[in-house]
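K.L.:
Have a look at this one before I ask anything.
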Amino acid sequence: MAVTVDIQQAYSGLVPSTQSIQSWVGLALKEVAEDCELSIRLVGENESADLNLTYRGKKGPTNVLSFPFNTSVELEPRLLGDLVICVPVVEREAKAQAKAVEHHWAHMVIHGCLHLLGYDHIKDEQAKEMEALEIDILDLLTISDPYQEQGAEL
């Protein structure tokens with residue numbers, strides 16, 4: 001399986017390397033059998049807030065938004081969808097949660113990719129399944145359980 005990641009940097013902040021992002025995506029999508037493609041757009045707070053309000057009806061920026069691509073048409077490679085990650089929010093959250101910024105970035109990319117695969121955390125049962133998968137993937141990177149100290153869902 002080959003994964004193509006289109007990274008769009010629409011915010012001029014410090015972000016992880018393309019290689020790191022692609023590595024995290026690969027780990028999150030390791031169970032996908034066919035070739036696939038997704039886009040990751042790295043944005044500032046204004047764009048994140050606009051998208052969050054437009055598509056979720058929530059005010060303010062958020063760490064990661066996931067837009068799965070759903071179609072009945074078979075495409076090659078499989079188009080998974082788009083992630084929009086707010087650079088300043090990720091940085092602020094990492095600092096507030098006393099986490100390495102790179103670790104929080106890995107978590108946000110993996111979290112977003114799992115949403116593109118259909119995982120969710122709206123109901124407790126779904127949240128437990130998704131969080132367990134995130135924890136297992138992050139453990140492969142020797143990143144500790146992101147839910148252990150904060151005790152809250154994303």
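Residue numbers start at 1 in each chain; chains themselves are named A, B, ... in the order of the structure tokens; ligands are numbered from 1 in the order shown.
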Residues of region 4-141 of chain A in alpha helix (DSSP H) according to DSSP, as a count of residues only?
P.N.:
66
K.L.:
When you look at Gly13 (chain A) with a cut-off of 12 Å (counting only C-alpha atoms), what residues show up, excluding the ones that are within fewer than 4 positions of it in the same chain? I need them as an mmCIF file with C-alpha atoms, in the first residue's frame.
P.N.:
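What ended up in result.cif:
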```
data_model
loop_
_atom_site.group_PDB
_atom_site.id
_atom_site.type_symbol
_atom_site.label_atom_id
_atom_site.label_comp_id
_atom_site.auth_asym_id
_atom_site.auth_seq_id
_atom_site.Cartn_x
_atom_site.Cartn_y
_atom_site.Cartn_z
ATOM 1 C CA GLN A 9 1.227 24.981 4.543
ATOM 2 C CA LEU A 42 -1.791 23.532 8.079
ATOM 3 C CA VAL A 43 -3.627 26.725 8.960
ATOM 4 C CA GLY A 44 -3.839 29.646 11.350
ATOM 5 C CA GLU A 45 -6.627 30.410 13.786
ATOM 6 C CA ILE A 85 -4.686 21.291 11.477
ATOM 7 C CA CYS A 86 -4.456 24.619 13.287
ATOM 8 C CA VAL A 87 -0.778 25.263 14.005
ATOM 9 C CA PRO A 88 -1.176 27.777 16.856
ATOM 10 C CA VAL A 89 -3.815 25.666 18.614
ATOM 11 C CA VAL A 90 -1.618 22.555 18.511
ATOM 12 C CA GLU A 91 1.315 24.553 19.908
#
```
K.L.:
Contacts between region 128-152 of chain A and region 22-112 of chain A, please, where a residue of region 22-112 of chain A counts if it comes within 12 Å (with only C-alpha atoms); show its shortest atom pair and distance in Å to one decimal, rows by chain and ascending number, as a Markdown table.
P.N.:
```
| residue | atom | partner | partner_atom | distance |
| --- | --- | --- | --- | --- |
| A:Ser23 | CA | A:Leu141 | CA | 10.0 |
| A:Trp24 | CA | A:Ile137 | CA | 8.8 |
| A:Val25 | CA | A:Ile137 | CA | 10.5 |
| A:Gly26 | CA | A:Ile137 | CA | 10.3 |
| A:Leu27 | CA | A:Ile137 | CA | 6.7 |
| A:Ala28 | CA | A:Ile137 | CA | 6.8 |
| A:Leu29 | CA | A:Ile137 | CA | 10.1 |
| A:Lys30 | CA | A:Ile137 | CA | 9.8 |
| A:Glu31 | CA | A:Ile137 | CA | 11.6 |
| A:Glu93 | CA | A:Gln150 | CA | 10.9 |
| A:Ala94 | CA | A:Pro146 | CA | 10.3 |
| A:Ala96 | CA | A:Gln150 | CA | 10.3 |
| A:Gln97 | CA | A:Gln150 | CA | 7.3 |
| A:Ala98 | CA | A:Glu149 | CA | 9.9 |
| A:Lys99 | CA | A:Pro146 | CA | 8.7 |
| A:Ala100 | CA | A:Ile143 | CA | 9.4 |
| A:Val101 | CA | A:Ile143 | CA | 11.4 |
| A:Glu102 | CA | A:Ile143 | CA | 9.7 |
| A:His103 | CA | A:Ile143 | CA | 6.4 |
| A:His104 | CA | A:Pro146 | CA | 8.1 |
| A:Trp105 | CA | A:Leu138 | CA | 11.0 |
| A:Ala106 | CA | A:Leu138 | CA | 7.6 |
| A:His107 | CA | A:Leu138 | CA | 7.0 |
| A:Met108 | CA | A:Glu134 | CA | 9.7 |
| A:Val109 | CA | A:Glu134 | CA | 10.2 |
| A:Ile110 | CA | A:Glu134 | CA | 6.8 |
| A:His111 | CA | A:Glu134 | CA | 6.7 |
| A:Gly112 | CA | A:Glu134 | CA | 10.2 |
```
K.L.:
May I have the residues from that selection written out with C-alpha atoms, as an mmCIF file, in the first residue's frame?
P.N.:
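Output file selection_10.cif follows:
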```
data_model
loop_
_atom_site.group_PDB
_atom_site.id
_atom_site.type_symbol
_atom_site.label_atom_id
_atom_site.label_comp_id
_atom_site.auth_asym_id
_atom_site.auth_seq_id
_atom_site.Cartn_x
_atom_site.Cartn_y
_atom_site.Cartn_z
ATOM 1 C CA SER A 23 5.452 8.667 8.958
ATOM 2 C CA TRP A 24 2.572 9.396 11.347
ATOM 3 C CA VAL A 25 0.038 9.078 8.527
ATOM 4 C CA GLY A 26 1.571 5.752 7.510
ATOM 5 C CA LEU A 27 1.239 4.366 11.030
ATOM 6 C CA ALA A 28 -2.379 5.522 11.328
ATOM 7 C CA LEU A 29 -3.276 4.005 7.956
ATOM 8 C CA LYS A 30 -1.274 0.774 8.264
ATOM 9 C CA GLU A 31 -4.447 -1.348 8.064
ATOM 10 C CA GLU A 93 -2.384 22.777 23.660
ATOM 11 C CA ALA A 94 1.004 21.066 23.855
ATOM 12 C CA ALA A 96 -0.863 23.773 28.320
ATOM 13 C CA GLN A 97 -0.731 19.971 28.611
ATOM 14 C CA ALA A 98 3.039 19.958 29.256
ATOM 15 C CA LYS A 99 3.672 17.733 26.228
ATOM 16 C CA ALA A 100 6.429 17.814 23.656
ATOM 17 C CA VAL A 101 5.031 19.746 20.685
ATOM 18 C CA GLU A 102 6.195 17.023 18.283
ATOM 19 C CA HIS A 103 4.289 14.402 20.324
ATOM 20 C CA HIS A 104 1.096 16.446 20.226
ATOM 21 C CA TRP A 105 1.518 16.915 16.475
ATOM 22 C CA ALA A 106 1.847 13.157 16.036
ATOM 23 C CA HIS A 107 -1.315 12.654 18.072
ATOM 24 C CA MET A 108 -3.301 15.211 16.047
ATOM 25 C CA VAL A 109 -2.241 13.723 12.704
ATOM 26 C CA ILE A 110 -3.041 10.181 13.847
ATOM 27 C CA HIS A 111 -6.335 11.301 15.425
ATOM 28 C CA GLY A 112 -7.373 13.051 12.215
#
```
K.L.:
Using Å and a single decimal, report how far CA of Leu116 (chain A) sits from CA of Pro68 (chain A).
P.N.:
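Straight-line distance from CA of Pro68 (chain A) to CA of Leu116 (chain A) works out to 4.8 Å.
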K.L.:
Would you mind telling me which residue in A:Leu51, A:Val32, A:Val5, A:Leu75 lies nearest to Leu114 (chain A) when using only C-alpha atoms?
P.N.:
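The shortest atom-to-atom distance to Leu114 (chain A) comes from A:Val32.
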K.L.:
May I have all residues of region 66-110 of chain A that DSSP, computed from the backbone, assigns to strand (DSSP E), given as a list in words?
P.N.:
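Going through region 66-110 of chain A, the strand (DSSP E) residues come out as Ser66, Phe67, Pro68, Arg78, Leu79, Leu80, Gly81, Asp82, Leu83, Val84, Ile85 and Cys86 of chain A.
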K.L.:
Keeping only C-alpha atoms, take the residues you just selected and write them out as an mmCIF file, in the first residue's frame.
P.N.:
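After the write, again-v2.cif holds the following:
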```cif
data_model
loop_
_atom_site.group_PDB
_atom_site.id
_atom_site.type_symbol
_atom_site.label_atom_id
_atom_site.label_comp_id
_atom_site.auth_asym_id
_atom_site.auth_seq_id
_atom_site.Cartn_x
_atom_site.Cartn_y
_atom_site.Cartn_z
ATOM 1 C CA SER A 66 -11.405 15.968 9.400
ATOM 2 C CA PHE A 67 -13.287 15.938 6.133
ATOM 3 C CA PRO A 68 -13.692 12.346 4.919
ATOM 4 C CA ARG A 78 -8.595 5.767 -2.781
ATOM 5 C CA LEU A 79 -9.195 9.373 -1.701
ATOM 6 C CA LEU A 80 -9.540 9.437 2.081
ATOM 7 C CA GLY A 81 -10.249 13.141 2.493
ATOM 8 C CA ASP A 82 -8.708 16.213 4.063
ATOM 9 C CA LEU A 83 -7.339 17.187 7.458
ATOM 10 C CA VAL A 84 -7.065 20.787 8.564
ATOM 11 C CA ILE A 85 -4.686 21.291 11.477
ATOM 12 C CA CYS A 86 -4.456 24.619 13.287
#
```
K.L.:
Give the answer as one residue: which of A:Glu47, A:Ala10, A:Phe69, A:Lys58 has the shortest atom-to-atom distance to His115 (chain A), using only C-alpha atoms?
P.N.:
A:Phe69
K.L.:
Please compute the CA of Gly57 (chain A)-CA of Leu117 (chain A) distance, one decimal, in Å.
P.N.:
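Pair CA of Gly57 (chain A) / CA of Leu117 (chain A) returns 22.4 Å.
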